[in-house]
>>> print(open('model01.cif').read())   # mmCIF, C-alpha atoms and all ligand atoms
data_entry
#
loop_
_atom_site.label_atom_id
_atom_site.label_comp_id
_atom_site.auth_asym_id
_atom_site.auth_seq_id
_atom_site.Cartn_x
_atom_site.Cartn_y
_atom_site.Cartn_z
CA MET A 19 -23.51 -34.52 5.68
CA THR A 20 -20.82 -35.25 8.25
CA THR A 21 -19.07 -32.36 9.92
CA ALA A 22 -15.31 -32.91 9.93
CA ILE A 23 -14.26 -29.86 11.94
CA ALA A 24 -16.44 -27.64 14.10
CA PHE A 25 -15.41 -24.50 15.99
CA ARG A 26 -17.78 -23.59 18.82
CA LYS A 27 -17.12 -20.04 19.99
CA VAL A 28 -13.39 -20.68 19.85
CA SER A 29 -10.95 -18.02 21.04
CA ARG A 30 -7.19 -18.04 21.38
CA HIS A 31 -5.84 -14.95 23.06
CA TYR A 32 -2.19 -14.15 23.76
CA GLY A 33 -2.32 -11.54 26.48
CA GLN A 34 -4.04 -8.59 24.83
CA VAL A 35 -3.78 -10.08 21.33
CA ARG A 36 -6.99 -11.76 20.17
CA ALA A 37 -5.41 -14.05 17.57
CA VAL A 38 -8.71 -15.97 17.23
CA ASP A 39 -11.81 -14.38 18.64
CA SER A 40 -15.06 -16.27 19.18
CA VAL A 41 -15.03 -18.20 15.91
CA ASP A 42 -17.92 -20.47 14.90
CA LEU A 43 -17.28 -22.71 11.93
CA ASP A 44 -18.31 -26.00 10.34
CA VAL A 45 -16.21 -27.76 7.74
CA ALA A 46 -17.96 -30.67 6.01
CA GLU A 47 -16.28 -33.99 5.35
CA GLY A 48 -14.76 -34.05 1.86
CA GLU A 49 -14.89 -30.29 1.54
CA PHE A 50 -12.13 -28.07 0.17
CA PHE A 51 -12.37 -25.26 2.70
CA ALA A 52 -10.26 -22.11 2.47
CA MET A 53 -9.39 -19.72 5.28
CA LEU A 54 -8.63 -16.41 3.63
CA GLY A 55 -7.37 -13.26 5.28
CA PRO A 56 -4.50 -10.80 5.52
CA SER A 57 -1.35 -11.51 7.48
CA GLY A 58 -2.03 -11.62 11.21
CA SER A 59 -5.76 -12.34 10.86
CA GLY A 60 -5.56 -15.63 12.80
CA LYS A 61 -5.45 -18.26 10.05
CA THR A 62 -2.36 -20.13 11.20
CA THR A 63 -3.59 -20.07 14.79
CA CYS A 64 -6.83 -21.74 13.63
CA LEU A 65 -4.87 -24.53 11.94
CA ARG A 66 -2.68 -25.00 15.02
CA LEU A 67 -5.80 -25.25 17.15
CA ILE A 68 -7.22 -27.95 14.86
CA ALA A 69 -3.91 -29.83 14.87
CA GLY A 70 -3.72 -29.58 18.66
CA PHE A 71 -0.46 -27.59 18.78
CA GLU A 72 -2.44 -24.82 20.52
CA ARG A 73 -5.32 -24.93 22.95
CA PRO A 74 -8.31 -22.62 22.83
CA THR A 75 -8.51 -19.97 25.55
CA ALA A 76 -12.27 -20.46 25.32
CA GLY A 77 -14.68 -22.61 23.32
CA GLU A 78 -14.35 -26.10 21.91
CA ILE A 79 -13.21 -27.70 18.68
CA GLU A 80 -14.95 -30.88 17.59
CA ILE A 81 -13.30 -33.26 15.16
CA PHE A 82 -15.81 -35.62 13.55
CA GLY A 83 -18.24 -34.80 16.32
CA ARG A 84 -15.79 -35.51 19.12
CA PRO A 85 -14.65 -32.78 21.51
CA SER A 86 -10.92 -32.48 20.95
CA SER A 87 -9.70 -30.74 24.10
CA LYS A 88 -8.34 -33.94 25.65
CA VAL A 89 -7.05 -35.45 22.40
CA PRO A 90 -3.30 -34.98 21.87
CA PRO A 91 -2.03 -33.92 18.41
CA TYR A 92 -0.79 -37.38 17.41
CA ARG A 93 -4.20 -38.93 18.07
CA ARG A 94 -6.06 -36.48 15.85
CA PRO A 95 -6.97 -37.71 12.33
CA VAL A 96 -5.35 -34.64 10.81
CA ASN A 97 -2.00 -33.76 9.30
CA THR A 98 -0.36 -30.47 8.44
CA VAL A 99 1.59 -29.20 5.46
CA PHE A 100 3.59 -26.30 6.85
CA GLN A 101 4.35 -23.08 5.07
CA ASP A 102 8.10 -23.72 5.07
CA TYR A 103 7.72 -27.50 4.37
CA ALA A 104 9.98 -28.30 7.36
CA LEU A 105 11.76 -31.19 5.66
CA PHE A 106 14.75 -32.83 7.36
CA PRO A 107 17.80 -31.83 5.27
CA HIS A 108 19.89 -34.87 6.24
CA LEU A 109 17.21 -37.42 5.30
CA ASN A 110 16.46 -38.46 1.75
CA VAL A 111 13.00 -38.02 0.29
CA ARG A 112 11.85 -41.54 1.15
CA ASP A 113 12.84 -41.22 4.82
CA ASN A 114 11.35 -37.74 5.04
CA VAL A 115 8.03 -39.06 3.78
CA ALA A 116 8.19 -42.18 5.95
CA TYR A 117 9.37 -40.36 9.08
CA GLY A 118 6.00 -40.28 10.83
CA LEU A 119 5.47 -43.98 10.16
CA MET A 120 8.92 -44.78 11.55
CA ILE A 121 8.09 -42.88 14.74
CA ALA A 122 4.83 -44.82 14.90
CA GLY A 123 6.84 -48.06 14.78
CA VAL A 124 5.86 -49.21 11.28
CA GLY A 125 8.39 -51.68 9.82
CA LYS A 126 10.89 -50.63 7.19
CA ALA A 127 9.49 -52.50 4.19
CA GLU A 128 5.95 -51.37 4.93
CA ARG A 129 6.84 -47.72 5.47
CA HIS A 130 8.98 -47.60 2.35
CA ARG A 131 6.11 -49.03 0.34
CA ALA A 132 3.77 -46.41 1.82
CA ALA A 133 6.29 -43.65 1.04
CA GLU A 134 6.55 -44.74 -2.61
CA GLU A 135 2.78 -44.79 -2.85
CA ALA A 136 2.50 -41.27 -1.40
CA LEU A 137 5.24 -40.00 -3.74
CA ALA A 138 3.33 -41.44 -6.70
CA MET A 139 0.21 -39.57 -5.54
CA VAL A 140 2.02 -36.25 -5.74
CA ALA A 141 3.58 -37.13 -9.11
CA LEU A 142 7.09 -37.53 -7.73
CA PRO A 143 8.06 -41.18 -8.19
CA GLY A 144 11.74 -41.89 -8.76
CA TYR A 145 12.99 -39.17 -6.40
CA ALA A 146 13.11 -41.25 -3.24
CA ASP A 147 16.90 -41.30 -2.89
CA ARG A 148 17.47 -37.56 -3.28
CA LYS A 149 18.09 -35.13 -0.48
CA PRO A 150 15.79 -32.08 -0.15
CA SER A 151 18.69 -29.84 -1.28
CA GLU A 152 18.70 -31.69 -4.62
CA LEU A 153 15.09 -30.73 -5.36
CA SER A 154 13.42 -27.65 -6.81
CA GLY A 155 11.01 -25.61 -4.69
CA GLY A 156 8.03 -27.24 -6.37
CA GLN A 157 9.43 -30.71 -5.76
CA ARG A 158 10.10 -29.96 -2.09
CA GLN A 159 6.50 -28.82 -1.82
CA ARG A 160 5.37 -32.17 -3.22
CA VAL A 161 7.53 -34.06 -0.73
CA ALA A 162 5.95 -32.10 2.12
CA LEU A 163 2.56 -33.01 0.72
CA ALA A 164 3.48 -36.70 0.37
CA ARG A 165 4.73 -36.72 3.96
CA ALA A 166 1.40 -35.34 5.13
CA LEU A 167 -0.57 -37.86 3.06
CA VAL A 168 1.42 -40.96 3.94
CA ASN A 169 -0.56 -41.92 7.02
CA LYS A 170 -3.87 -41.25 5.30
CA PRO A 171 -5.27 -38.42 7.43
CA LYS A 172 -8.98 -37.68 7.20
CA VAL A 173 -8.26 -33.96 7.25
CA LEU A 174 -5.30 -32.21 5.68
CA LEU A 175 -4.34 -28.77 6.99
CA LEU A 176 -2.37 -26.68 4.51
CA ASP A 177 -0.75 -23.43 5.65
CA GLU A 178 -0.01 -21.26 2.59
CA PRO A 179 1.55 -24.31 0.93
CA LEU A 180 2.14 -22.57 -2.40
CA GLY A 181 3.46 -19.32 -0.98
CA ALA A 182 7.10 -19.97 -1.85
CA LEU A 183 6.50 -20.91 -5.49
CA ASP A 184 6.72 -18.63 -8.50
CA LEU A 185 3.48 -17.68 -10.21
CA LYS A 186 3.51 -20.25 -13.01
CA LEU A 187 4.33 -23.20 -10.77
CA ARG A 188 1.87 -21.92 -8.23
CA GLU A 189 -0.96 -21.96 -10.77
CA GLN A 190 -0.01 -25.45 -11.89
CA MET A 191 0.07 -26.71 -8.28
CA GLN A 192 -3.32 -25.10 -7.59
CA VAL A 193 -4.85 -27.26 -10.31
CA GLU A 194 -3.01 -30.39 -9.15
CA LEU A 195 -3.85 -29.93 -5.48
CA LYS A 196 -7.49 -29.46 -6.29
CA SER A 197 -7.65 -32.61 -8.40
CA LEU A 198 -5.70 -34.58 -5.78
CA GLN A 199 -8.21 -33.50 -3.16
CA ARG A 200 -11.11 -34.63 -5.36
CA GLN A 201 -9.43 -37.93 -6.10
CA LEU A 202 -8.58 -38.75 -2.47
CA GLY A 203 -11.79 -37.33 -1.00
CA ILE A 204 -9.84 -35.96 1.98
CA THR A 205 -11.13 -32.84 3.72
CA PHE A 206 -8.77 -29.93 3.02
CA VAL A 207 -8.49 -26.85 5.21
CA PHE A 208 -6.38 -24.53 3.11
CA VAL A 209 -4.96 -21.27 4.45
CA THR A 210 -4.03 -18.46 2.09
CA HIS A 211 -3.85 -14.66 1.94
CA ASP A 212 -4.39 -14.82 -1.84
CA GLN A 213 -8.02 -14.17 -2.71
CA GLY A 214 -7.67 -15.52 -6.27
CA GLU A 215 -6.26 -18.76 -4.92
CA ALA A 216 -9.04 -19.16 -2.35
CA LEU A 217 -11.82 -18.35 -4.80
CA SER A 218 -10.52 -20.60 -7.57
CA MET A 219 -9.78 -23.65 -5.42
CA ALA A 220 -12.24 -23.83 -2.54
CA ASP A 221 -15.77 -25.17 -2.22
CA ARG A 222 -16.29 -22.61 0.54
CA VAL A 223 -14.25 -19.73 1.87
CA ALA A 224 -14.12 -18.16 5.33
CA VAL A 225 -12.81 -14.59 5.24
CA PHE A 226 -10.87 -13.63 8.37
CA ASN A 227 -9.98 -10.23 9.74
CA GLU A 228 -8.44 -9.59 13.16
CA GLY A 229 -9.25 -13.04 14.50
CA ARG A 230 -12.88 -12.98 13.44
CA ILE A 231 -14.77 -14.44 10.55
CA GLN A 232 -16.32 -11.75 8.41
CA GLN A 233 -18.15 -14.04 6.02
CA VAL A 234 -18.37 -17.73 5.07
CA GLY A 235 -19.73 -18.83 1.74
CA ARG A 236 -19.19 -20.22 -1.71
CA PRO A 237 -16.63 -18.29 -3.76
CA GLN A 238 -19.31 -16.86 -6.05
CA ASP A 239 -21.34 -15.58 -3.10
CA ILE A 240 -18.33 -14.03 -1.41
CA TYR A 241 -17.38 -12.32 -4.64
CA ASP A 242 -20.83 -11.22 -5.76
CA ARG A 243 -22.37 -10.43 -2.39
CA PRO A 244 -19.75 -9.32 0.10
CA GLN A 245 -21.46 -8.74 3.43
CA THR A 246 -18.99 -6.27 4.88
CA PRO A 247 -16.83 -3.45 3.51
CA PHE A 248 -13.77 -5.47 4.52
CA VAL A 249 -14.80 -8.47 2.41
CA ALA A 250 -15.73 -6.28 -0.54
CA ASP A 251 -12.36 -4.59 -0.46
CA PHE A 252 -10.18 -7.61 0.34
CA VAL A 253 -11.83 -10.25 -1.81
CA GLY A 254 -13.30 -8.53 -4.81
CA SER A 255 -11.07 -5.48 -4.87
CA SER A 256 -14.55 -4.05 -5.06
CA ASN A 257 -15.37 -0.41 -4.74
CA VAL A 258 -16.86 0.30 -1.34
CA LEU A 259 -19.19 3.28 -1.57
CA SER A 260 -19.69 5.43 1.50
CA PRO A 261 -23.14 5.59 3.11
CA GLU A 262 -23.38 9.26 2.10
CA ILE A 263 -22.89 8.48 -1.59
CA VAL A 264 -25.21 5.46 -1.39
CA ALA A 265 -27.88 7.62 0.26
CA ARG A 266 -27.64 10.05 -2.66
CA LEU A 267 -27.83 7.22 -5.21
CA THR A 268 -30.50 5.03 -3.62
CA GLY A 269 -32.01 6.82 -0.65
CA ARG A 270 -30.69 4.14 1.73
CA HIS A 271 -27.95 4.88 4.23
CA ALA A 272 -25.52 1.93 4.09
CA HIS A 273 -22.18 0.95 2.63
CA ALA A 274 -22.45 -0.65 -0.80
CA SER A 275 -20.07 -2.57 -3.03
CA LEU A 276 -19.69 -2.02 -6.75
CA ARG A 277 -17.33 -4.22 -8.73
CA PRO A 278 -14.85 -2.42 -11.00
CA GLU A 279 -15.95 -4.42 -14.05
CA ALA A 280 -19.54 -3.23 -13.55
CA VAL A 281 -18.60 0.44 -13.92
CA ARG A 282 -18.77 1.54 -17.57
CA GLN A 283 -18.59 4.72 -19.54
CA GLN A 284 -22.12 5.87 -20.22
CA PRO A 285 -23.02 9.11 -21.99
CA GLY A 286 -25.49 10.99 -19.85
CA GLY A 287 -24.34 9.13 -16.71
CA ARG A 288 -22.74 10.57 -13.58
CA ASP A 289 -19.68 12.76 -13.92
CA ALA A 290 -16.35 11.28 -12.84
CA GLN A 291 -12.76 12.51 -13.15
CA VAL A 292 -10.05 10.19 -14.44
CA VAL A 293 -7.32 10.40 -11.81
CA GLU A 294 -5.04 7.53 -12.81
CA LEU A 295 -4.68 4.93 -15.56
CA ALA A 296 -2.86 1.62 -15.35
CA PHE A 297 -2.38 -0.64 -18.36
CA LEU A 298 -2.69 -4.26 -17.17
CA GLY A 299 -2.63 -6.16 -20.45
CA SER A 300 -6.15 -7.40 -21.11
CA VAL A 301 -7.71 -4.41 -19.31
CA THR A 302 -6.86 -0.86 -18.35
CA ARG A 303 -7.66 0.08 -14.78
CA MET A 304 -8.98 3.58 -14.22
CA THR A 305 -9.01 5.33 -10.88
CA LEU A 306 -11.89 7.79 -10.83
CA THR A 307 -13.44 10.22 -8.41
CA MET A 308 -17.17 10.77 -8.35
CA ASP A 309 -18.63 13.25 -5.84
CA GLY A 310 -15.48 12.90 -3.75
CA GLN A 311 -15.71 9.08 -3.78
CA SER A 312 -12.78 7.17 -5.23
CA LEU A 313 -13.80 4.43 -7.68
CA THR A 314 -11.96 1.83 -9.72
CA ALA A 315 -13.25 0.90 -13.16
CA LEU A 316 -11.92 -1.42 -15.85
CA VAL A 317 -11.78 -0.75 -19.58
CA PRO A 318 -11.55 -3.99 -21.57
CA LYS A 319 -8.88 -4.14 -24.27
CA GLY A 320 -10.15 -2.73 -27.56
CA GLN A 321 -12.41 -0.13 -25.98
CA PRO A 322 -11.41 3.54 -25.97
CA VAL A 323 -9.42 4.65 -22.92
CA PRO A 324 -10.15 8.24 -21.82
CA ASP A 325 -7.33 10.66 -21.10
CA LYS A 326 -5.96 11.06 -17.63
CA GLY A 327 -7.41 14.23 -16.08
CA SER A 328 -10.52 14.21 -18.28
CA THR A 329 -14.11 14.09 -17.08
CA ILE A 330 -16.22 11.16 -18.26
CA GLN A 331 -19.74 9.94 -17.64
CA ILE A 332 -20.20 6.60 -15.96
CA GLY A 333 -23.01 4.23 -15.06
CA TRP A 334 -23.75 0.66 -14.00
CA ASP A 335 -26.65 -1.76 -13.89
CA GLU A 336 -28.87 -1.18 -10.89
CA ASP A 337 -28.32 -4.68 -9.51
CA ALA A 338 -24.54 -4.25 -9.57
CA LEU A 339 -24.74 -2.10 -6.47
CA HIS A 340 -24.88 -4.31 -3.35
CA LEU A 341 -25.94 -2.76 -0.10
CA MET A 342 -24.10 -4.18 2.91
CA GLU A 343 -25.49 -4.90 6.32
CA ALA A 344 -24.25 -2.53 8.98
CA ARG A 345 -21.35 -4.24 10.70
CA ASP A 346 -17.98 -3.02 11.74
CA GLY A 347 -14.98 -4.17 9.86
P1 LIG A 401 -2.02 -15.39 10.11
O1 LIG A 401 -1.65 -16.83 9.95
O2 LIG A 401 -3.40 -15.09 9.60
O3 LIG A 401 -1.00 -14.47 9.50
P2 LIG A 401 -1.57 -15.83 12.94
O4 LIG A 401 -2.59 -16.82 13.34
O5 LIG A 401 -0.19 -16.33 12.73
O6 LIG A 401 -2.08 -15.02 11.66
O7 LIG A 401 -1.49 -14.67 14.05
C1 LIG A 401 -2.61 -13.97 14.50
C2 LIG A 401 -2.18 -12.97 15.55
O8 LIG A 401 -1.76 -13.65 16.73
C3 LIG A 401 -1.04 -12.08 15.13
O9 LIG A 401 -1.25 -10.80 15.68
C4 LIG A 401 0.16 -12.75 15.78
O10 LIG A 401 1.18 -11.83 16.02
C5 LIG A 401 -0.44 -13.29 17.07
N1 LIG A 401 0.23 -14.51 17.54
C6 LIG A 401 0.30 -15.70 16.92
N2 LIG A 401 0.97 -16.60 17.63
C7 LIG A 401 1.37 -15.95 18.76
C8 LIG A 401 2.13 -16.35 19.93
N3 LIG A 401 2.61 -17.58 20.07
N4 LIG A 401 2.34 -15.41 20.88
C9 LIG A 401 1.84 -14.16 20.75
N5 LIG A 401 1.14 -13.73 19.69
C10 LIG A 401 0.90 -14.61 18.71
MG MG A 402 -0.02 -17.63 8.91
#
>>> encode(input="model01.cif", output="structure tokens")
Amino acid sequence: MTTAIAFRKVSRHYGQVRAVDSVDLDVAEGEFFAMLGPSGSGKTTCLRLIAGFERPTAGEIEIFGRPSSKVPPYRRPVNTVFQDYALFPHLNVRDNVAYGLMIAGVGKAERHRAAEEALAMVALPGYADRKPSELSGGQRQRVALARALVNKPKVLLLDEPLGALDLKLREQMQVELKSLQRQLGITFVFVTHDQGEALSMADRVAVFNEGRIQQVGRPQDIYDRPQTPFVADFVGSSNVLSPEIVARLTGRHAHASLRPEAVRQQPGGRDAQVVELAFLGSVTRMTLTMDGQSLTALVPKGQPVPDKGSTIQIGWDEDALHLMEARDG
């Protein structure tokens, strides 16, 4: 397995702000790798470091095994799709896509051919003569993608590329992007703050908080076995049980995660008060308190929903409770 991108104890500090703080990371060639985290957690800075728009304050980034510190951005085999697309409004679609090739001195016929090919890849042939203002948001997104693909980068960096799209289009583009990545075999480093997007699209996910990686793993592992309270809360919307409650339940003093869908009504179980109910369509979400601990539980459609304010008995399978290693976060 070839490593496409490696972070070796990489930091990028701005004065007191530790935007990226001692990050170690390996992204394999051909992988769809997601960087997931809340706003301000250092995701964009990581992409800018890979692209060469920023330099690490400490540590080293290797690109295909080669230390990158002396390699300028335009010599790196990577390309970026920016959050705001950054298309040139006065250029038509063809010239936007071919812009990088023009700067690189590629002749007109050749770069136009390459632009048409890239536009076909993103399912946008026939739009070459339009201006960006004559396109929908989804189409502009595709042009930005075509522009990043036109010079056949080995690694594509995508910074919240679907953030500006409405939900339906976003879901459609998620499927298309994923299949495009498979088809082209390009390594994708995909930044998002949307846990559903990261889990559904990526081969592996790195969860960021405050410039540090909390956990790296396959989506299923991140979801089923969050290693820190932060990951449990951010990724799974999991219940994070306090060490005091966990000690009472299991005898071990540690945080534990318990997924809402694992909590069920169980006669003879532990008492819990129904504090809030929210109808979400296919499920109803209950907010409960149990021994002073707040808990979320889901009632699938068709099952009886208890009254708000009532006391119910709840339980869960023993293996649904995941103890977490002691770590801050
Ligand atoms: P994300 O993309 O996850 O939202 P960023 O990488 O953009 O996060 O930012 C991480 C942190 O670094 C934030 O606190 C941000 O304000 C800070 N930061 C980013 N770029 C700069 C900069 N050029 N100067 C000062 N602070 C910055
Ligand atoms: Mg960002």
>>> atom_distance(input="model01.cif", atom1="atom CA of Leu175 of chain A", atom2="atom CA of Val96 of chain A")
7.1 Å
>>> residues_near_ligand(input="model01.cif", ligand="ligand MG 402 (chain A)", cutoff="9 Å", atoms="only C-alpha atoms and all ligand atoms", output="list in words")
Pro56, Ser57, Gly58, Ser59, Gly60, Lys61, Thr62, Thr63, Leu65, Gln101, Asp177, Glu178, Val209, Thr210 and His211 of chain A
>>> atom_distance(input="model01.cif", atom1="atom CA of Pro179 of chain A", atom2="atom CA of Gln192 of chain A")
9.8 Å
>>> atom_distance(input="model01.cif", atom1="atom CA of Asp147 of chain A", atom2="atom CA of Gln159 of chain A")
16.3 Å
>>> closest_residue(input="model01.cif", among="A:His340, A:Ala315, A:Gly299, A:Glu194", to="Thr246 of chain A", atoms="all atoms listed in the file")
A:His340
>>> residues_around(input="model01.cif", residues="Met139 of chain A", least_positions_apart="4", cutoff="9 Å", atoms="only C-alpha atoms", output="PDB file with C-alpha atoms, in the frame of the given file")
ATOM      1  CA  GLU A 134       6.550 -44.740  -2.610  1.00  0.00           C
ATOM      2  CA  GLU A 135       2.780 -44.790  -2.850  1.00  0.00           C
ATOM      3  CA  PRO A 143       8.060 -41.180  -8.190  1.00  0.00           C
ATOM      4  CA  ALA A 164       3.480 -36.700   0.370  1.00  0.00           C
ATOM      5  CA  LEU A 167      -0.570 -37.860   3.060  1.00  0.00           C
ATOM      6  CA  LEU A 198      -5.700 -34.580  -5.780  1.00  0.00           C
TER       7      LEU A 198
END
>>> residues_around(input="model01.cif", residues="Leu119 of chain A", least_positions_apart="4", cutoff="9 Å", atoms="all atoms listed in the file", output="PyMOL selection string")
chain A and resi 115+123-125+129+132+168-169
>>> closest_residue(input="model01.cif", among="A:Glu78, A:Asp289, A:Asp251, A:Glu228", to="ligand LIG 401 (chain A)", atoms="all atoms listed in the file")
A:Glu228
>>> residues_near_point(input="model01.cif", point="(19.5, -34.9, -1.4)", cutoff="8 Å", atoms="only C-alpha atoms", output="PyMOL selection string")
chain A and resi 107-111+147-153
>>> closest_residue(input="model01.cif", among="A:Gln245, A:Asn227, A:Ser255, A:Gln291", to="His273 of chain A", atoms="only C-alpha atoms")
A:Gln245
>>> closest_residue(input="model01.cif", among="A:Arg112, A:Val207, A:Ala182, A:Met120", to="Arg66 of chain A", atoms="all atoms listed in the file")
A:Val207
>>> closest_residue(input="model01.cif", among="A:Ala136, A:Ala22, A:Met219, A:Ala37", to="ligand LIG 401 (chain A)", atoms="only C-alpha atoms and all ligand atoms")
A:Ala37
>>> residues_near_point(input="model01.cif", point="(6.4, -33.2, 11.3)", cutoff="9 Å", atoms="only C-alpha atoms", output="number ranges by chain")
A: 97-100, 104-105, 117-118, 165-166
>>> closest_residue(input="model01.cif", among="A:Gln283, A:Ala69, A:Arg230, A:Thr21", to="Arg36 of chain A", atoms="only C-alpha atoms")
A:Arg230
>>> decode(input="model01.cif", residues="segment 223-302 of chain A", atoms="C-alpha atoms", output="PDB file, in the first residue's frame")
ATOM      1  CA  VAL A 223     -12.516   9.284   8.733  1.00  0.00           C
ATOM      2  CA  ALA A 224     -10.282  11.429  10.941  1.00  0.00           C
ATOM      3  CA  VAL A 225     -12.257  13.287  13.608  1.00  0.00           C
ATOM      4  CA  PHE A 226     -10.744  16.668  14.500  1.00  0.00           C
ATOM      5  CA  ASN A 227     -11.267  18.845  17.529  1.00  0.00           C
ATOM      6  CA  GLU A 228      -9.234  21.950  18.366  1.00  0.00           C
ATOM      7  CA  GLY A 229      -6.453  21.143  15.924  1.00  0.00           C
ATOM      8  CA  ARG A 230      -5.997  17.581  17.095  1.00  0.00           C
ATOM      9  CA  ILE A 231      -7.126  14.249  15.788  1.00  0.00           C
ATOM     10  CA  GLN A 232      -9.391  12.505  18.254  1.00  0.00           C
ATOM     11  CA  GLN A 233      -9.800   9.282  16.305  1.00  0.00           C
ATOM     12  CA  VAL A 234      -9.061   7.811  12.866  1.00  0.00           C
ATOM     13  CA  GLY A 235     -10.903   4.795  11.576  1.00  0.00           C
ATOM     14  CA  ARG A 236     -13.446   3.263   9.276  1.00  0.00           C
ATOM     15  CA  PRO A 237     -16.900   4.854   9.527  1.00  0.00           C
ATOM     16  CA  GLN A 238     -18.367   1.799  11.249  1.00  0.00           C
ATOM     17  CA  ASP A 239     -15.631   1.803  13.892  1.00  0.00           C
ATOM     18  CA  ILE A 240     -15.963   5.515  14.552  1.00  0.00           C
ATOM     19  CA  TYR A 241     -19.701   5.134  14.906  1.00  0.00           C
ATOM     20  CA  ASP A 242     -19.770   1.921  16.923  1.00  0.00           C
ATOM     21  CA  ARG A 243     -16.673   2.433  19.050  1.00  0.00           C
ATOM     22  CA  PRO A 244     -16.010   6.111  19.655  1.00  0.00           C
ATOM     23  CA  GLN A 245     -12.806   6.414  21.649  1.00  0.00           C
ATOM     24  CA  THR A 246     -13.493   9.759  23.276  1.00  0.00           C
ATOM     25  CA  PRO A 247     -16.569  11.550  24.631  1.00  0.00           C
ATOM     26  CA  PHE A 248     -16.090  14.171  21.923  1.00  0.00           C
ATOM     27  CA  VAL A 249     -16.278  11.608  19.110  1.00  0.00           C
ATOM     28  CA  ALA A 250     -19.264   9.876  20.693  1.00  0.00           C
ATOM     29  CA  ASP A 251     -21.137  13.133  20.935  1.00  0.00           C
ATOM     30  CA  PHE A 252     -20.102  14.689  17.620  1.00  0.00           C
ATOM     31  CA  VAL A 253     -20.238  11.658  15.352  1.00  0.00           C
ATOM     32  CA  GLY A 254     -22.877   9.348  16.698  1.00  0.00           C
ATOM     33  CA  SER A 255     -24.971  11.880  18.558  1.00  0.00           C
ATOM     34  CA  SER A 256     -24.376   9.177  21.111  1.00  0.00           C
ATOM     35  CA  ASN A 257     -25.228   9.455  24.749  1.00  0.00           C
ATOM     36  CA  VAL A 258     -22.096   9.998  26.784  1.00  0.00           C
ATOM     37  CA  LEU A 259     -22.576   8.590  30.273  1.00  0.00           C
ATOM     38  CA  SER A 260     -20.664  10.143  33.136  1.00  0.00           C
ATOM     39  CA  PRO A 261     -18.072   8.046  34.982  1.00  0.00           C
ATOM     40  CA  GLU A 262     -20.274   8.176  38.102  1.00  0.00           C
ATOM     41  CA  ILE A 263     -23.247   6.622  36.295  1.00  0.00           C
ATOM     42  CA  VAL A 264     -21.008   4.085  34.543  1.00  0.00           C
ATOM     43  CA  ALA A 265     -19.464   3.116  37.891  1.00  0.00           C
ATOM     44  CA  ARG A 266     -22.959   2.441  39.239  1.00  0.00           C
ATOM     45  CA  LEU A 267     -23.909   0.403  36.156  1.00  0.00           C
ATOM     46  CA  THR A 268     -20.712  -1.567  35.611  1.00  0.00           C
ATOM     47  CA  GLY A 269     -18.352  -0.997  38.518  1.00  0.00           C
ATOM     48  CA  ARG A 270     -15.807   0.677  36.207  1.00  0.00           C
ATOM     49  CA  HIS A 271     -15.039   4.371  36.449  1.00  0.00           C
ATOM     50  CA  ALA A 272     -14.911   5.701  32.865  1.00  0.00           C
ATOM     51  CA  HIS A 273     -17.010   7.588  30.360  1.00  0.00           C
ATOM     52  CA  ALA A 274     -19.151   5.333  28.189  1.00  0.00           C
ATOM     53  CA  SER A 275     -21.171   5.829  25.022  1.00  0.00           C
ATOM     54  CA  LEU A 276     -24.647   4.468  24.452  1.00  0.00           C
ATOM     55  CA  ARG A 277     -26.334   4.999  21.105  1.00  0.00           C
ATOM     56  CA  PRO A 278     -29.880   6.390  21.207  1.00  0.00           C
ATOM     57  CA  GLU A 279     -31.237   3.538  19.087  1.00  0.00           C
ATOM     58  CA  ALA A 280     -29.921   1.012  21.632  1.00  0.00           C
ATOM     59  CA  VAL A 281     -32.040   2.448  24.456  1.00  0.00           C
ATOM     60  CA  ARG A 282     -35.460   0.770  24.597  1.00  0.00           C
ATOM     61  CA  GLN A 283     -38.434   0.683  26.875  1.00  0.00           C
ATOM     62  CA  GLN A 284     -38.120  -2.372  29.067  1.00  0.00           C
ATOM     63  CA  PRO A 285     -40.535  -3.267  31.862  1.00  0.00           C
ATOM     64  CA  GLY A 286     -38.547  -3.889  35.007  1.00  0.00           C
ATOM     65  CA  GLY A 287     -35.627  -1.810  33.690  1.00  0.00           C
ATOM     66  CA  ARG A 288     -34.173   1.388  35.140  1.00  0.00           C
ATOM     67  CA  ASP A 289     -36.480   4.297  35.850  1.00  0.00           C
ATOM     68  CA  ALA A 290     -36.243   7.305  33.535  1.00  0.00           C
ATOM     69  CA  GLN A 291     -38.342  10.452  33.192  1.00  0.00           C
ATOM     70  CA  VAL A 292     -39.539  11.599  29.782  1.00  0.00           C
ATOM     71  CA  VAL A 293     -38.450  15.235  29.582  1.00  0.00           C
ATOM     72  CA  GLU A 294     -39.021  16.025  25.918  1.00  0.00           C
ATOM     73  CA  LEU A 295     -40.440  14.408  22.777  1.00  0.00           C
ATOM     74  CA  ALA A 296     -39.649  15.310  19.182  1.00  0.00           C
ATOM     75  CA  PHE A 297     -41.466  13.743  16.242  1.00  0.00           C
ATOM     76  CA  LEU A 298     -38.926  13.253  13.426  1.00  0.00           C
ATOM     77  CA  GLY A 299     -40.952  11.279  10.904  1.00  0.00           C
ATOM     78  CA  SER A 300     -39.685   7.706  10.969  1.00  0.00           C
ATOM     79  CA  VAL A 301     -38.760   7.941  14.667  1.00  0.00           C
ATOM     80  CA  THR A 302     -39.673   9.918  17.750  1.00  0.00           C
TER      81      THR A 302
END
